[in-house]
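Trainee: Data file my_file.cif (mmCIF, C-alpha atoms and all ligand atoms) is appended below.
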data_start
loop_
_atom_site.group_PDB
_atom_site.id
_atom_site.type_symbol
_atom_site.label_atom_id
_atom_site.label_comp_id
_atom_site.auth_asym_id
_atom_site.auth_seq_id
_atom_site.Cartn_x
_atom_site.Cartn_y
_atom_site.Cartn_z
ATOM 1 C CA MET A 151 0.000 0.000 0.000
ATOM 2 C CA GLU A 152 2.636 2.510 -1.044
ATOM 3 C CA ASN A 153 0.219 4.799 -2.793
ATOM 4 C CA GLY A 154 -3.061 5.474 -1.024
ATOM 5 C CA GLU A 155 -4.754 6.918 -4.096
ATOM 6 C CA ASP A 156 -3.904 3.850 -6.192
ATOM 7 C CA THR A 157 -5.342 1.683 -3.467
ATOM 8 C CA LEU A 158 -8.474 3.788 -3.225
ATOM 9 C CA ALA A 159 -8.901 3.445 -6.979
ATOM 10 C CA GLN A 160 -8.507 -0.316 -6.652
ATOM 11 C CA LEU A 161 -11.043 -0.341 -3.858
ATOM 12 C CA ASP A 162 -13.476 1.701 -5.972
ATOM 13 C CA HIS A 163 -13.024 -0.740 -8.813
ATOM 14 C CA ALA A 164 -13.647 -3.777 -6.630
ATOM 15 C CA ILE A 165 -16.796 -2.210 -5.201
ATOM 16 C CA GLU A 166 -18.039 -1.158 -8.621
ATOM 17 C CA MET A 167 -17.587 -4.713 -9.908
ATOM 18 C CA ARG A 168 -19.599 -6.165 -7.025
ATOM 19 C CA VAL A 169 -22.346 -3.528 -7.263
ATOM 20 C CA SER A 170 -22.595 -3.970 -11.038
ATOM 21 C CA ALA A 171 -22.868 -7.735 -10.680
ATOM 22 C CA ILE A 172 -25.683 -7.396 -8.154
ATOM 23 C CA ARG A 173 -27.533 -4.876 -10.315
ATOM 24 C CA ALA A 174 -27.097 -7.044 -13.413
ATOM 25 C CA GLY A 175 -28.570 -10.036 -11.626
ATOM 26 C CA HIS A 176 -31.398 -8.021 -10.076
ATOM 27 C CA PRO A 177 -32.577 -5.233 -12.383
ATOM 28 C CA ASP A 178 -35.275 -4.285 -9.861
ATOM 29 C CA TRP A 179 -32.665 -3.335 -7.252
ATOM 30 C CA LEU A 180 -34.031 -0.545 -5.046
ATOM 31 C CA CYS A 181 -30.959 1.710 -4.816
ATOM 32 C CA ARG A 182 -31.205 4.341 -7.516
ATOM 33 C CA MET A 183 -31.090 8.082 -8.093
ATOM 34 C CA GLY A 184 -33.772 9.795 -6.021
ATOM 35 C CA CYS A 185 -33.792 7.120 -3.322
ATOM 36 C CA ASP A 186 -32.174 8.956 -0.449
ATOM 37 C CA GLY A 187 -33.552 7.252 2.656
ATOM 38 C CA CYS A 188 -30.143 6.104 3.851
ATOM 39 C CA CYS A 189 -28.640 9.590 3.326
ATOM 40 C CA ARG A 190 -31.423 10.974 5.532
ATOM 41 C CA ARG A 191 -30.846 8.530 8.354
ATOM 42 C CA LEU A 192 -27.153 8.444 9.148
ATOM 43 C CA ALA A 193 -26.365 6.854 12.496
ATOM 44 C CA GLU A 194 -23.343 9.124 12.895
ATOM 45 C CA ILE A 195 -21.309 11.835 11.184
ATOM 46 C CA PRO A 196 -19.540 10.177 8.226
ATOM 47 C CA THR A 197 -15.841 9.427 8.708
ATOM 48 C CA LEU A 198 -13.269 9.437 5.939
ATOM 49 C CA THR A 199 -9.610 8.608 5.436
ATOM 50 C CA ALA A 200 -7.356 11.365 4.100
ATOM 51 C CA VAL A 201 -7.506 10.045 0.535
ATOM 52 C CA GLU A 202 -11.295 9.855 0.673
ATOM 53 C CA TRP A 203 -11.366 13.421 1.965
ATOM 54 C CA GLN A 204 -9.087 14.607 -0.849
ATOM 55 C CA ARG A 205 -11.448 12.992 -3.329
ATOM 56 C CA MET A 206 -14.468 14.596 -1.677
ATOM 57 C CA LYS A 207 -12.717 17.958 -1.593
ATOM 58 C CA THR A 208 -12.352 17.776 -5.365
ATOM 59 C CA GLY A 209 -16.114 17.409 -5.545
ATOM 60 C CA LEU A 210 -16.678 20.252 -3.097
ATOM 61 C CA ASP A 211 -14.313 22.508 -5.044
ATOM 62 C CA GLY A 212 -16.423 21.928 -8.152
ATOM 63 C CA LEU A 213 -19.684 23.047 -6.562
ATOM 64 C CA PRO A 214 -21.201 26.417 -7.454
ATOM 65 C CA ALA A 215 -20.539 28.986 -4.726
ATOM 66 C CA SER A 216 -24.176 29.104 -3.595
ATOM 67 C CA VAL A 217 -24.337 25.311 -3.250
ATOM 68 C CA PHE A 218 -21.034 25.247 -1.415
ATOM 69 C CA ALA A 219 -22.390 27.862 0.971
ATOM 70 C CA THR A 220 -25.323 25.555 1.736
ATOM 71 C CA VAL A 221 -22.966 22.647 2.371
ATOM 72 C CA ARG A 222 -20.834 24.805 4.649
ATOM 73 C CA GLN A 223 -23.936 25.795 6.595
ATOM 74 C CA ASN A 224 -25.105 22.166 6.785
ATOM 75 C CA ILE A 225 -21.740 20.956 8.061
ATOM 76 C CA SER A 226 -21.510 23.701 10.660
ATOM 77 C CA ALA A 227 -24.957 22.685 11.929
ATOM 78 C CA LEU A 228 -24.011 19.016 11.898
ATOM 79 C CA ALA A 229 -20.975 19.616 14.106
ATOM 80 C CA VAL A 230 -23.232 20.654 16.994
ATOM 81 C CA GLU A 231 -26.193 18.361 16.282
ATOM 82 C CA THR A 232 -26.934 15.936 19.096
ATOM 83 C CA ASP A 233 -30.047 14.232 17.714
ATOM 84 C CA ARG A 234 -29.699 10.999 15.767
ATOM 85 C CA PRO A 235 -30.209 9.879 13.046
ATOM 86 C CA LEU A 236 -28.664 12.644 10.951
ATOM 87 C CA VAL A 237 -29.369 13.979 7.488
ATOM 88 C CA CYS A 238 -26.156 14.004 5.476
ATOM 89 C CA PRO A 239 -24.991 17.586 4.858
ATOM 90 C CA LEU A 240 -24.112 16.648 1.289
ATOM 91 C CA LEU A 241 -27.609 15.566 0.338
ATOM 92 C CA ASP A 242 -29.573 17.792 -2.018
ATOM 93 C CA GLN A 243 -32.838 17.240 -0.182
ATOM 94 C CA ASP A 244 -35.029 18.537 -3.030
ATOM 95 C CA ALA A 245 -33.447 16.324 -5.676
ATOM 96 C CA GLY A 246 -32.835 13.366 -3.371
ATOM 97 C CA ALA A 247 -29.298 13.240 -4.749
ATOM 98 C CA CYS A 248 -25.770 13.435 -3.423
ATOM 99 C CA MET A 249 -24.094 16.752 -4.242
ATOM 100 C CA VAL A 250 -20.710 15.060 -4.529
ATOM 101 C CA TYR A 251 -21.844 11.712 -5.897
ATOM 102 C CA GLU A 252 -18.728 10.980 -7.972
ATOM 103 C CA HIS A 253 -16.598 11.885 -4.964
ATOM 104 C CA ARG A 254 -18.643 10.255 -2.200
ATOM 105 C CA PRO A 255 -17.036 8.182 0.589
ATOM 106 C CA THR A 256 -16.410 4.470 0.279
ATOM 107 C CA ALA A 257 -19.120 3.668 2.838
ATOM 108 C CA CYS A 258 -21.693 5.305 0.560
ATOM 109 C CA ARG A 259 -20.522 3.153 -2.356
ATOM 110 C CA THR A 260 -21.047 -0.125 -0.500
ATOM 111 C CA TYR A 261 -24.233 0.664 1.421
ATOM 112 C CA GLY A 262 -27.150 -1.303 0.037
ATOM 113 C CA PHE A 263 -24.899 -3.978 -1.498
ATOM 114 C CA TYR A 264 -22.621 -5.238 1.270
ATOM 115 C CA VAL A 265 -22.856 -7.254 4.468
ATOM 116 C CA GLN A 266 -20.677 -7.223 7.553
ATOM 117 C CA ARG A 267 -20.327 -10.187 9.867
ATOM 118 C CA ASP A 268 -23.618 -11.511 8.475
ATOM 119 C CA LYS A 269 -25.336 -8.186 9.096
ATOM 120 C CA GLY A 270 -26.752 -6.564 6.011
ATOM 121 C CA LEU A 271 -25.672 -2.959 5.510
ATOM 122 C CA TYR A 272 -28.876 -1.821 3.917
ATOM 123 C CA CYS A 273 -32.175 -0.122 4.657
ATOM 124 C CA LYS A 274 -35.483 -1.580 5.832
ATOM 125 C CA ALA A 275 -36.805 -1.771 2.263
ATOM 126 C CA ILE A 276 -33.983 -4.053 1.159
ATOM 127 C CA GLU A 277 -34.183 -5.938 4.444
ATOM 128 C CA ALA A 278 -37.837 -6.726 3.688
ATOM 129 C CA ARG A 279 -37.000 -8.036 0.215
ATOM 130 C CA VAL A 280 -34.281 -10.209 1.707
ATOM 131 C CA ALA A 281 -36.640 -11.501 4.391
ATOM 132 C CA ASP A 282 -39.206 -12.367 1.711
ATOM 133 C CA GLY A 283 -36.578 -14.422 -0.060
ATOM 134 C CA ASP A 284 -36.825 -12.246 -3.190
ATOM 135 C CA TRP A 285 -33.103 -11.783 -3.363
ATOM 136 C CA ASN A 286 -31.800 -15.012 -1.907
ATOM 137 C CA THR A 287 -29.408 -15.424 -4.826
ATOM 138 C CA VAL A 288 -27.563 -12.185 -4.125
ATOM 139 C CA VAL A 289 -23.815 -12.527 -3.696
ATOM 140 C CA TRP A 290 -23.294 -9.684 -1.269
ATOM 141 C CA GLY A 291 -20.088 -7.734 -0.989
ATOM 142 C CA ASN A 292 -17.901 -8.355 2.058
ATOM 143 C CA GLN A 293 -17.712 -5.155 4.094
ATOM 144 C CA ASP A 294 -15.169 -6.609 6.519
ATOM 145 C CA SER A 295 -12.757 -7.004 3.634
ATOM 146 C CA ILE A 296 -13.423 -3.460 2.439
ATOM 147 C CA ASP A 297 -12.888 -2.125 5.961
ATOM 148 C CA ARG A 298 -9.552 -3.930 6.243
ATOM 149 C CA ARG A 299 -8.384 -2.439 2.969
ATOM 150 C CA LEU A 300 -9.688 0.981 3.954
ATOM 151 C CA ALA A 301 -7.807 0.794 7.267
ATOM 152 C CA GLY A 302 -4.629 0.377 5.212
ATOM 153 C CA LEU A 303 -5.193 3.850 3.769
ATOM 154 C CA GLY A 304 -4.715 5.529 7.147
ATOM 155 C CA ASP A 305 -6.669 6.957 10.018
ATOM 156 C CA THR A 306 -10.118 8.408 9.648
ATOM 157 C CA LYS A 307 -11.570 11.701 10.811
ATOM 158 C CA ALA A 308 -15.147 12.891 10.932
ATOM 159 C CA LEU A 309 -16.311 14.882 7.913
ATOM 160 C CA THR A 310 -16.836 17.894 10.164
ATOM 161 C CA GLU A 311 -13.180 17.765 11.269
ATOM 162 C CA TRP A 312 -11.811 17.445 7.732
ATOM 163 C CA PHE A 313 -13.985 20.294 6.614
ATOM 164 C CA THR A 314 -12.779 22.761 9.213
ATOM 165 C CA THR A 315 -9.090 21.807 8.924
ATOM 166 C CA VAL A 316 -8.811 22.116 5.168
ATOM 167 C CA VAL A 317 -11.567 24.287 3.756
ATOM 168 C CA THR A 318 -11.256 27.194 6.224
ATOM 169 C CA LEU A 319 -14.973 27.619 5.689
ATOM 170 C CA ALA A 320 -14.582 29.863 2.632
ATOM 171 C CA ALA A 321 -16.868 29.597 -0.378
ATOM 172 C CA PRO A 322 -15.172 28.872 -3.753
ATOM 173 C CA ASN A 323 -15.633 32.455 -4.955
ATOM 174 C CA ASP A 324 -14.076 33.735 -1.743
ATOM 175 C CA ARG A 325 -11.027 31.598 -2.358
ATOM 176 C CA GLY A 326 -9.930 33.654 -5.337
HETATM 177 S S1 LIG A 401 -30.014 1.504 0.789
HETATM 178 FE FE1 LIG A 401 -32.263 1.758 0.753
HETATM 179 S S2 LIG A 401 -32.617 3.958 1.081
HETATM 180 FE FE2 LIG A 401 -30.455 3.676 0.457
HETATM 181 S S3 LIG A 401 -30.466 3.963 -1.799
HETATM 182 FE FE3 LIG A 401 -30.651 1.741 -1.362
HETATM 183 S S4 LIG A 401 -32.861 1.371 -1.369
HETATM 184 FE FE4 LIG A 401 -32.584 3.570 -1.156
HETATM 185 S S1 LIG A 402 -22.052 11.638 0.991
HETATM 186 FE FE1 LIG A 402 -23.669 11.564 -0.546
HETATM 187 S S2 LIG A 402 -24.128 9.375 -0.815
HETATM 188 FE FE2 LIG A 402 -23.027 9.601 1.122
HETATM 189 S S3 LIG A 402 -24.612 9.822 2.717
HETATM 190 FE FE3 LIG A 402 -24.041 11.891 2.033
HETATM 191 S S4 LIG A 402 -25.509 12.427 0.429
HETATM 192 FE FE4 LIG A 402 -25.587 10.189 0.729
#
Rewrite the coordinates I just gave you, this time as structure tokens.
Ligand code: SF4
Ligand code: SF4
Mentor:
Amino acid sequence: MENGEDTLAQLDHAIEMRVSAIRAGHPDWLCRMGCDGCCRRLAEIPTLTAVEWQRMKTGLDGLPASVFATVRQNISALAVETDRPLVCPLLDQDAGACMVYEHRPTACRTYGFYVQRDKGLYCKAIEARVADGDWNTVVWGNQDSIDRRLAGLGDTKALTEWFTTVVTLAAPNDRG
């Protein structure tokens, strides 16, 4: 693991292969654009490794200034929020879409398609389909393996911490 970014790219590729295989075998899969239930019910503030944060920052840097200002406001509010579950500060709540989809964290790429120690990492809707036996042929991804590989990329910090240490809370237009 000499190069974290190479490894993150490899991880992305492995996840994409698994997700694509599941979708191909089950065209009625529930996860799709506009389905944002999991982004609205986060158990905790998302955590990211440094390379995941750098990727996300690329997405944040590409946002229009007004959208970035909304994200900045959302993240500031999230840092002091004590209620759970949480709405992700990067969710466009009107569109039901991630504002940094191409640059989203690894956990967001696996959710809905992976299991961890026999526990499905998916929402109630998928859980119900699994319980009904609809998707008993699914070859789920192995989240424990992903987590081990992710741990090799370095320590994690909460999104709120990354945001304040690197972005200095300035909107893109303010950053010259
Ligand atoms: S995990 Fe559930 S809520 Fe999240 S995108 Fe998939 S179907 Fe929608
Ligand atoms: S980063 Fe994007 S995909 Fe992940 S929880 Fe937030 S809105 Fe959803």
Trainee: Which neighbours of A:Thr208 fall inside 8 Å, counting only C-alpha atoms, when residues of the same chain fewer than 4 positions from it are skipped, and could you give them as a list in words?
Mentor: Gln204, Gly212 and His253 of chain A
Trainee: Measuring between all atoms listed in the file, which one of A:Thr314, A:Thr256, A:Asn286, A:Ser216 shows the shortest distance to A:Gly175?
Mentor: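 So, comparing all the options, the nearest one is A:Asn286.
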Trainee: Quick one, how far is atom CA of A:Pro214 from atom S4 of ligand LIG 401 (chain A)?
Mentor: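 Taking atom CA of A:Pro214 as the start and atom S4 of ligand LIG 401 (chain A) as the end point, the length is 28.3 Å.
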Trainee: Where does the PyMOL selection byres (((not hetatm)) within 7 of (chain A and resi 402)) land in this file, that is, which residues does it pick, as number ranges by chain?
Mentor: A: 186, 188-189, 238-241, 247-251, 254-255, 258
Trainee: As a check of understanding, name the residues that the PyMOL selection byres (((not hetatm)) within 6 of (chain A and resi 401)) selects in the supplied structure, as a list in words.
Mentor: Leu180, Cys181, Arg182, Cys185, Asp186, Gly187, Cys188, Tyr261, Gly262, Tyr272, Cys273 and Ala275 of chain A
Trainee: Using only C-alpha atoms, which residues sit within 10 Å of A:Trp203 once same-chain residues fewer than 4 positions away are excluded, as a list in words?
Mentor: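 Final neighbour list, sorted by chain and number: Thr197, Leu198, Thr199, Lys207, Thr208, Gly209, His253, Arg254, Pro255, Thr306, Lys307, Ala308, Leu309, Trp312, Phe313 and Val316 of chain A.
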Trainee: Store the residues of this selection in a file with C-alpha atoms, as a compact mmCIF listing (two decimals), keeping the file's coordinate frame.
Mentor:
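Okay, this is what ended up in part06.txt:
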# COMPACT_ATOMS: atom_id res chain seq x y z
CA THR A 197 -15.84 9.43 8.71
CA LEU A 198 -13.27 9.44 5.94
CA THR A 199 -9.61 8.61 5.44
CA LYS A 207 -12.72 17.96 -1.59
CA THR A 208 -12.35 17.78 -5.36
CA GLY A 209 -16.11 17.41 -5.54
CA HIS A 253 -16.60 11.88 -4.96
CA ARG A 254 -18.64 10.26 -2.20
CA PRO A 255 -17.04 8.18 0.59
CA THR A 306 -10.12 8.41 9.65
CA LYS A 307 -11.57 11.70 10.81
CA ALA A 308 -15.15 12.89 10.93
CA LEU A 309 -16.31 14.88 7.91
CA TRP A 312 -11.81 17.44 7.73
CA PHE A 313 -13.98 20.29 6.61
CA VAL A 316 -8.81 22.12 5.17
Trainee: Out of A:Ala193, A:Gly304, A:Gly291, A:Ser170, which residue has the shortest atom-to-atom distance to A:Thr232 when counting only C-alpha atoms?
Mentor: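 For A:Thr232, the nearest of the given residues is A:Ala193.
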Trainee: For this structure, which residues satisfy the selection - the PyMOL selection byres (((chain A and resi 237) around 6) and not hetatm) - when it is evaluated on the file as given? I want them as an MDAnalysis selection string.
Mentor: chainID A and resid 190:191 236 238
Trainee: Using all atoms listed in the file, can you tell me which of A:His163, A:Arg173, A:Arg279, A:Arg234 comes closest to A:Ile195?
Mentor: A:Arg234
Trainee: Would you work out the distance separating atom CA of A:Pro235 from atom CA of A:Arg298, expressed in Å to one decimal?
Mentor: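 These two atoms are separated by 25.8 Å.
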Trainee: Counting all atoms listed in the file, which of A:Asp211, A:Glu202, A:Asp297, A:Asp178 gets nearest to A:Thr260?
Mentor: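 Nearest candidate to A:Thr260 out of A:Asp211, A:Glu202, A:Asp297, A:Asp178: A:Asp297.
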Trainee: Find the residue from A:Gln223, A:Leu210, A:Ala164, A:Val265 that sits nearest to A:Glu277; use only C-alpha atoms when measuring.
Mentor: A:Val265
Trainee: Given all atoms listed in the file as the basis, pick out the residue of A:Thr310, A:Thr315, A:Asn292, A:Gln160 nearest to A:Leu228.
Mentor: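 Among the listed residues, A:Thr310 lies closest to A:Leu228.
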Trainee: Name the residues, using the chain letters and numbers of the file, that sit within 6 Å of (-20.5, -6.1, 7.9) when counting all atoms listed in the file, and give them as a ChimeraX atom specification.
Mentor: /A:265-267,269,293-294
Trainee: Tell me, in Å to one decimal, how far atom CA of A:Asp284 is from atom CA of A:Ile296.
Mentor: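 Answer for the atom CA of A:Asp284 to atom CA of A:Ile296 separation: 25.6 Å.
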Trainee: Just need the box for stretch 227-233 of chain A, edges along x, y and z, holding every atom the file lists for it with 6 Å tacked onto each side, so centre and edge lengths in Å to one decimal, as JSON.
Mentor:
{"center_x": -25.5, "center_y": 18.5, "center_z": 15.5, "size_x": 21.1, "size_y": 20.5, "size_z": 19.2}
Trainee: Would you fill the gaps in stretch 242-269 of chain A so it has N, CA and C atoms, then print it as a short mmCIF file (atom, residue, chain, number, x, y, z; two decimals), in the frame of the given file?
Mentor:
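The resulting file, selection-v4.cif, is shown below:
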data_model
loop_
_atom_site.label_atom_id
_atom_site.label_comp_id
_atom_site.auth_asym_id
_atom_site.auth_seq_id
_atom_site.Cartn_x
_atom_site.Cartn_y
_atom_site.Cartn_z
N ASP A 242 -28.65 16.81 -1.46
CA ASP A 242 -29.57 17.79 -2.02
C ASP A 242 -30.97 17.26 -1.71
N GLN A 243 -31.59 17.83 -0.69
CA GLN A 243 -32.84 17.24 -0.18
C GLN A 243 -33.99 17.40 -1.16
N ASP A 244 -33.96 18.38 -2.03
CA ASP A 244 -35.03 18.54 -3.03
C ASP A 244 -34.90 17.48 -4.13
N ALA A 245 -33.68 17.26 -4.57
CA ALA A 245 -33.45 16.32 -5.68
C ALA A 245 -33.31 14.88 -5.18
N GLY A 246 -33.07 14.71 -3.89
CA GLY A 246 -32.84 13.37 -3.37
C GLY A 246 -31.54 12.79 -3.94
N ALA A 247 -30.55 13.67 -4.11
CA ALA A 247 -29.30 13.24 -4.75
C ALA A 247 -28.10 13.77 -3.98
N CYS A 248 -27.02 13.03 -4.07
CA CYS A 248 -25.77 13.44 -3.42
C CYS A 248 -25.12 14.56 -4.23
N MET A 249 -24.69 15.61 -3.54
CA MET A 249 -24.09 16.75 -4.24
C MET A 249 -22.67 16.46 -4.69
N VAL A 250 -22.08 15.42 -4.13
CA VAL A 250 -20.71 15.06 -4.53
C VAL A 250 -20.68 13.57 -4.91
N TYR A 251 -21.66 13.15 -5.65
CA TYR A 251 -21.84 11.71 -5.90
C TYR A 251 -20.57 11.02 -6.41
N GLU A 252 -19.93 11.61 -7.40
CA GLU A 252 -18.73 10.98 -7.97
C GLU A 252 -17.59 10.93 -6.97
N HIS A 253 -17.69 11.75 -5.93
CA HIS A 253 -16.60 11.88 -4.96
C HIS A 253 -17.03 11.43 -3.57
N ARG A 254 -18.09 10.67 -3.50
CA ARG A 254 -18.64 10.26 -2.20
C ARG A 254 -17.72 9.25 -1.50
N PRO A 255 -17.89 9.12 -0.17
CA PRO A 255 -17.04 8.18 0.59
C PRO A 255 -17.26 6.72 0.19
N THR A 256 -16.32 5.90 0.57
CA THR A 256 -16.41 4.47 0.28
C THR A 256 -17.65 3.85 0.92
N ALA A 257 -17.96 4.26 2.15
CA ALA A 257 -19.12 3.67 2.84
C ALA A 257 -20.41 3.89 2.04
N CYS A 258 -20.49 5.02 1.35
CA CYS A 258 -21.69 5.30 0.56
C CYS A 258 -21.74 4.44 -0.70
N ARG A 259 -20.59 3.98 -1.15
CA ARG A 259 -20.52 3.15 -2.36
C ARG A 259 -20.95 1.72 -2.07
N THR A 260 -20.72 1.26 -0.82
CA THR A 260 -21.05 -0.12 -0.50
C THR A 260 -22.45 -0.27 0.09
N TYR A 261 -22.96 0.79 0.70
CA TYR A 261 -24.23 0.66 1.42
C TYR A 261 -25.35 0.24 0.46
N GLY A 262 -26.08 -0.76 0.89
CA GLY A 262 -27.15 -1.30 0.04
C GLY A 262 -26.73 -2.57 -0.68
N PHE A 263 -25.41 -2.85 -0.70
CA PHE A 263 -24.90 -3.98 -1.50
C PHE A 263 -23.94 -4.88 -0.72
N TYR A 264 -23.64 -4.51 0.52
CA TYR A 264 -22.62 -5.24 1.27
C TYR A 264 -23.18 -5.73 2.60
N VAL A 265 -22.51 -6.75 3.13
CA VAL A 265 -22.86 -7.25 4.47
C VAL A 265 -21.58 -7.32 5.31
N GLN A 266 -21.80 -7.24 6.62
CA GLN A 266 -20.68 -7.22 7.55
C GLN A 266 -20.97 -8.19 8.69
N ARG A 267 -20.11 -9.18 8.82
CA ARG A 267 -20.33 -10.19 9.87
C ARG A 267 -21.79 -10.64 9.87
N ASP A 268 -22.26 -11.00 8.68
CA ASP A 268 -23.62 -11.51 8.48
C ASP A 268 -24.72 -10.48 8.71
N LYS A 269 -24.32 -9.23 8.92
CA LYS A 269 -25.34 -8.19 9.10
C LYS A 269 -25.42 -7.38 7.81
#
